[in-house]
>>> print(open('my_file.pdb').read())   # PDB, C-alpha atoms, pLDDT in the B column
ATOM      1  CA  MET S   1     -35.871 -25.268 -33.423  1.00 49.00           C
ATOM      2  CA  SER S   2     -32.730 -24.681 -35.446  1.00 61.00           C
ATOM      3  CA  ASP S   3     -32.698 -28.235 -36.784  1.00 84.00           C
ATOM      4  CA  ILE S   4     -28.980 -28.951 -36.575  1.00 87.00           C
ATOM      5  CA  THR S   5     -28.402 -32.225 -38.369  1.00 89.00           C
ATOM      6  CA  ARG S   6     -25.754 -34.873 -37.919  1.00 90.00           C
ATOM      7  CA  GLU S   7     -24.274 -33.751 -41.236  1.00 92.00           C
ATOM      8  CA  ASP S   8     -24.001 -30.173 -39.942  1.00 92.00           C
ATOM      9  CA  VAL S   9     -22.176 -31.400 -36.850  1.00 92.00           C
ATOM     10  CA  ALA S  10     -19.896 -33.621 -38.941  1.00 94.00           C
ATOM     11  CA  HIS S  11     -19.103 -30.635 -41.199  1.00 95.00           C
ATOM     12  CA  LEU S  12     -18.320 -28.421 -38.177  1.00 93.00           C
ATOM     13  CA  ALA S  13     -16.147 -31.185 -36.708  1.00 94.00           C
ATOM     14  CA  ARG S  14     -14.187 -31.447 -39.956  1.00 95.00           C
ATOM     15  CA  LEU S  15     -13.694 -27.667 -40.052  1.00 96.00           C
ATOM     16  CA  ALA S  16     -12.489 -27.705 -36.437  1.00 95.00           C
ATOM     17  CA  ARG S  17     -10.394 -30.809 -37.137  1.00 96.00           C
ATOM     18  CA  LEU S  18     -12.141 -32.764 -34.404  1.00 94.00           C
ATOM     19  CA  ALA S  19     -12.577 -36.509 -34.495  1.00 94.00           C
ATOM     20  CA  VAL S  20     -16.115 -37.396 -33.393  1.00 93.00           C
ATOM     21  CA  THR S  21     -17.848 -40.754 -33.230  1.00 93.00           C
ATOM     22  CA  ASP S  22     -21.307 -41.529 -34.573  1.00 91.00           C
ATOM     23  CA  ASP S  23     -22.711 -41.469 -31.039  1.00 92.00           C
ATOM     24  CA  GLU S  24     -21.148 -38.063 -30.429  1.00 93.00           C
ATOM     25  CA  LEU S  25     -22.736 -36.708 -33.617  1.00 92.00           C
ATOM     26  CA  ASP S  26     -26.176 -37.450 -32.177  1.00 90.00           C
ATOM     27  CA  VAL S  27     -25.323 -35.927 -28.790  1.00 92.00           C
ATOM     28  CA  PHE S  28     -23.672 -32.836 -30.258  1.00 93.00           C
ATOM     29  CA  SER S  29     -26.470 -32.181 -32.738  1.00 91.00           C
ATOM     30  CA  GLY S  30     -28.980 -32.059 -29.872  1.00 90.00           C
ATOM     31  CA  GLN S  31     -26.725 -29.885 -27.750  1.00 92.00           C
ATOM     32  CA  LEU S  32     -25.926 -27.450 -30.557  1.00 92.00           C
ATOM     33  CA  ASP S  33     -29.593 -27.250 -31.443  1.00 89.00           C
ATOM     34  CA  ALA S  34     -30.439 -26.298 -27.838  1.00 91.00           C
ATOM     35  CA  ILE S  35     -27.627 -23.729 -27.740  1.00 91.00           C
ATOM     36  CA  LEU S  36     -28.727 -22.059 -30.965  1.00 89.00           C
ATOM     37  CA  ASP S  37     -32.341 -21.969 -29.800  1.00 90.00           C
ATOM     38  CA  THR S  38     -31.289 -20.284 -26.559  1.00 89.00           C
ATOM     39  CA  VAL S  39     -29.122 -17.750 -28.370  1.00 88.00           C
ATOM     40  CA  GLY S  40     -31.961 -17.113 -30.813  1.00 87.00           C
ATOM     41  CA  ARG S  41     -34.226 -16.143 -27.929  1.00 88.00           C
ATOM     42  CA  VAL S  42     -31.940 -13.173 -27.237  1.00 83.00           C
ATOM     43  CA  SER S  43     -33.153 -11.546 -30.457  1.00 81.00           C
ATOM     44  CA  GLU S  44     -36.704 -11.669 -29.074  1.00 84.00           C
ATOM     45  CA  ILE S  45     -35.840  -9.213 -26.269  1.00 81.00           C
ATOM     46  CA  ASP S  46     -37.369  -5.756 -26.618  1.00 80.00           C
ATOM     47  CA  ASP S  47     -35.020  -3.054 -27.878  1.00 80.00           C
ATOM     48  CA  ASP S  48     -35.866  -0.732 -24.985  1.00 83.00           C
ATOM     49  CA  VAL S  49     -34.164  -2.946 -22.372  1.00 78.00           C
ATOM     50  CA  PRO S  50     -30.877  -1.281 -21.371  1.00 79.00           C
ATOM     51  CA  PRO S  51     -27.759  -3.451 -21.451  1.00 78.00           C
ATOM     52  CA  THR S  52     -26.377  -4.390 -18.047  1.00 80.00           C
ATOM     53  CA  SER S  53     -23.174  -5.981 -16.887  1.00 81.00           C
ATOM     54  CA  HIS S  54     -24.339  -6.640 -13.313  1.00 83.00           C
ATOM     55  CA  VAL S  55     -27.732  -7.227 -11.774  1.00 81.00           C
ATOM     56  CA  ALA S  56     -26.938  -5.201  -8.664  1.00 84.00           C
ATOM     57  CA  PRO S  57     -25.262  -1.795  -8.797  1.00 82.00           C
ATOM     58  CA  LEU S  58     -21.575  -1.799  -7.930  1.00 83.00           C
ATOM     59  CA  THR S  59     -19.700   0.731  -5.849  1.00 85.00           C
ATOM     60  CA  ASN S  60     -15.995   0.824  -5.091  1.00 85.00           C
ATOM     61  CA  VAL S  61     -15.182   0.722  -1.410  1.00 84.00           C
ATOM     62  CA  LEU S  62     -11.717   2.176  -1.059  1.00 89.00           C
ATOM     63  CA  ARG S  63      -9.919   3.542   1.936  1.00 88.00           C
ATOM     64  CA  PRO S  64      -8.504   7.046   1.665  1.00 89.00           C
ATOM     65  CA  ASP S  65      -5.002   7.176   0.236  1.00 89.00           C
ATOM     66  CA  GLU S  66      -3.011   8.627   3.096  1.00 92.00           C
ATOM     67  CA  PRO S  67       0.776   8.493   3.408  1.00 93.00           C
ATOM     68  CA  ARG S  68       2.002   6.408   6.331  1.00 92.00           C
ATOM     69  CA  PRO S  69       5.443   5.395   7.536  1.00 93.00           C
ATOM     70  CA  SER S  70       6.761   2.342   5.740  1.00 91.00           C
ATOM     71  CA  LEU S  71       8.320  -0.805   7.147  1.00 91.00           C
ATOM     72  CA  PRO S  72      11.940  -0.216   8.252  1.00 93.00           C
ATOM     73  CA  ARG S  73      14.501  -1.669   5.844  1.00 92.00           C
ATOM     74  CA  GLU S  74      15.944  -3.990   8.494  1.00 92.00           C
ATOM     75  CA  ALA S  75      12.506  -5.438   9.270  1.00 93.00           C
ATOM     76  CA  ALA S  76      11.777  -5.991   5.576  1.00 92.00           C
ATOM     77  CA  LEU S  77      15.092  -7.736   4.994  1.00 93.00           C
ATOM     78  CA  ALA S  78      14.859  -9.803   8.193  1.00 92.00           C
ATOM     79  CA  GLY S  79      12.736 -12.491   6.513  1.00 88.00           C
ATOM     80  CA  ALA S  80      14.706 -12.550   3.253  1.00 91.00           C
ATOM     81  CA  PRO S  81      16.700 -15.690   2.443  1.00 92.00           C
ATOM     82  CA  ALA S  82      19.593 -13.469   1.304  1.00 93.00           C
ATOM     83  CA  ALA S  83      20.337  -9.748   1.571  1.00 92.00           C
ATOM     84  CA  GLU S  84      23.273  -7.674   0.403  1.00 92.00           C
ATOM     85  CA  GLU S  85      24.021  -3.960   0.794  1.00 92.00           C
ATOM     86  CA  GLY S  86      20.544  -3.257   2.172  1.00 91.00           C
ATOM     87  CA  ARG S  87      18.747  -5.001  -0.728  1.00 92.00           C
ATOM     88  CA  PHE S  88      17.222  -8.393  -1.460  1.00 93.00           C
ATOM     89  CA  ARG S  89      19.762 -10.696  -3.103  1.00 92.00           C
ATOM     90  CA  VAL S  90      18.270 -12.719  -5.955  1.00 90.00           C
ATOM     91  CA  PRO S  91      19.825 -15.063  -8.517  1.00 85.00           C
ATOM     92  CA  ARG S  92      21.008 -13.582 -11.800  1.00 81.00           C
ATOM     93  CA  ILE S  93      18.540 -14.137 -14.669  1.00 82.00           C
ATOM     94  CA  LEU S  94      18.609 -13.998 -18.469  1.00 80.00           C
ATOM     95  CA  GLY S  95      22.401 -14.084 -18.656  1.00 71.00           C
ATOM     96  CA  GLU S  96      22.872 -10.528 -17.395  1.00 63.00           C
ATOM     97  CA  GLU S  97      26.354  -9.091 -17.182  1.00 66.00           C
ATOM     98  CA  PRO S  98      27.846  -8.894 -13.642  1.00 61.00           C
TER      99      PRO S  98
END
>>> encode(input="my_file.pdb", output="structure tokens")
Amino acid sequence: MSDITREDVAHLARLARLAVTDDELDVFSGQLDAILDTVGRVSEIDDDVPPTSHVAPLTNVLRPDEPRPSLPREAALAGAPAAEEGRFRVPRILGEEP
């Protein structure tokens, strides 16, 4: 056990500028104690265990990148709320010059 005391929790709360009640001090001291014990168990792992990011191996499943004909301009602009000169018309932003 790490033996986190109420005073330790109160000190951490002051450093973090958190207002905690007396009841919360008891709850948090138990929770922090359990967290530190769990983290401490990591140091007990043998050094010969390789680090892993995933339990199962990952493979990328990608389709081949092959050029294909694109959507015709008229079809793309057909669903637009506003179009002008073959382009999407959008409101001016950031005070751009006309």
>>> residues_around(input="my_file.pdb", residues="Asp8 in chain S", least_positions_apart="5", cutoff="10 Å", atoms="only C-alpha atoms", output="count of residues only")
6
>>> atom_distance(input="my_file.pdb", atom1="CA of Ile35 in chain S", atom2="CA of Pro51 in chain S")
21.2 Å
>>> atom_distance(input="my_file.pdb", atom1="CA of Ala34 in chain S", atom2="CA of Thr52 in chain S")
24.3 Å
>>> closest_residue(input="my_file.pdb", among="S:Asn60, S:Thr21, S:Ser43, S:Gln31", to="Ile4 in chain S", atoms="all atoms listed in the file")
S:Gln31
>>> closest_residue(input="my_file.pdb", among="S:Val9, S:Ala76, S:Phe88, S:Glu44", to="Asp23 in chain S", atoms="only C-alpha atoms")
S:Val9
>>> closest_residue(input="my_file.pdb", among="S:Arg92, S:His11, S:Arg87, S:Arg41", to="Glu74 in chain S", atoms="only C-alpha atoms")
S:Arg87
>>> build_atoms(input="my_file.pdb", residues="range 20-33 of chain S", atoms="N, CA, C and O atoms", output="mmCIF file, keeping the file's coordinate frame")
data_model
loop_
_atom_site.group_PDB
_atom_site.id
_atom_site.type_symbol
_atom_site.label_atom_id
_atom_site.label_comp_id
_atom_site.auth_asym_id
_atom_site.auth_seq_id
_atom_site.Cartn_x
_atom_site.Cartn_y
_atom_site.Cartn_z
ATOM 1 N N VAL S 20 -14.921 -37.079 -34.177
ATOM 2 C CA VAL S 20 -16.115 -37.396 -33.393
ATOM 3 C C VAL S 20 -16.674 -38.731 -33.856
ATOM 4 O O VAL S 20 -16.597 -39.088 -35.029
ATOM 5 N N THR S 21 -17.246 -39.460 -32.916
ATOM 6 C CA THR S 21 -17.848 -40.754 -33.230
ATOM 7 C C THR S 21 -19.289 -40.549 -33.670
ATOM 8 O O THR S 21 -19.849 -39.455 -33.544
ATOM 9 N N ASP S 22 -19.899 -41.609 -34.159
ATOM 10 C CA ASP S 22 -21.307 -41.529 -34.573
ATOM 11 C C ASP S 22 -22.214 -41.200 -33.395
ATOM 12 O O ASP S 22 -23.180 -40.443 -33.532
ATOM 13 N N ASP S 23 -21.911 -41.768 -32.226
ATOM 14 C CA ASP S 23 -22.711 -41.469 -31.039
ATOM 15 C C ASP S 23 -22.581 -39.997 -30.653
ATOM 16 O O ASP S 23 -23.548 -39.359 -30.251
ATOM 17 N N GLU S 24 -21.359 -39.471 -30.772
ATOM 18 C CA GLU S 24 -21.148 -38.063 -30.429
ATOM 19 C C GLU S 24 -21.877 -37.136 -31.397
ATOM 20 O O GLU S 24 -22.331 -36.060 -31.006
ATOM 21 N N LEU S 25 -21.999 -37.528 -32.654
ATOM 22 C CA LEU S 25 -22.736 -36.708 -33.617
ATOM 23 C C LEU S 25 -24.173 -36.501 -33.163
ATOM 24 O O LEU S 25 -24.713 -35.392 -33.260
ATOM 25 N N ASP S 26 -24.797 -37.567 -32.658
ATOM 26 C CA ASP S 26 -26.176 -37.450 -32.177
ATOM 27 C C ASP S 26 -26.256 -36.543 -30.956
ATOM 28 O O ASP S 26 -27.132 -35.688 -30.857
ATOM 29 N N VAL S 27 -25.325 -36.735 -30.017
ATOM 30 C CA VAL S 27 -25.323 -35.927 -28.790
ATOM 31 C C VAL S 27 -25.072 -34.462 -29.122
ATOM 32 O O VAL S 27 -25.789 -33.567 -28.672
ATOM 33 N N PHE S 28 -24.043 -34.216 -29.944
ATOM 34 C CA PHE S 28 -23.672 -32.836 -30.258
ATOM 35 C C PHE S 28 -24.747 -32.125 -31.068
ATOM 36 O O PHE S 28 -24.952 -30.928 -30.906
ATOM 37 N N SER S 29 -25.421 -32.842 -31.941
ATOM 38 C CA SER S 29 -26.470 -32.181 -32.738
ATOM 39 C C SER S 29 -27.595 -31.697 -31.828
ATOM 40 O O SER S 29 -28.097 -30.581 -31.994
ATOM 41 N N GLY S 30 -27.964 -32.495 -30.824
ATOM 42 C CA GLY S 30 -28.980 -32.059 -29.872
ATOM 43 C C GLY S 30 -28.515 -30.893 -29.030
ATOM 44 O O GLY S 30 -29.258 -29.939 -28.777
ATOM 45 N N GLN S 31 -27.259 -30.959 -28.578
ATOM 46 C CA GLN S 31 -26.725 -29.885 -27.750
ATOM 47 C C GLN S 31 -26.590 -28.582 -28.534
ATOM 48 O O GLN S 31 -26.955 -27.510 -28.041
ATOM 49 N N LEU S 32 -26.062 -28.658 -29.744
ATOM 50 C CA LEU S 32 -25.926 -27.450 -30.557
ATOM 51 C C LEU S 32 -27.283 -26.862 -30.912
ATOM 52 O O LEU S 32 -27.448 -25.639 -30.952
ATOM 53 N N ASP S 33 -28.243 -27.713 -31.154
ATOM 54 C CA ASP S 33 -29.593 -27.250 -31.443
ATOM 55 C C ASP S 33 -30.154 -26.464 -30.257
ATOM 56 O O ASP S 33 -30.725 -25.379 -30.424
#
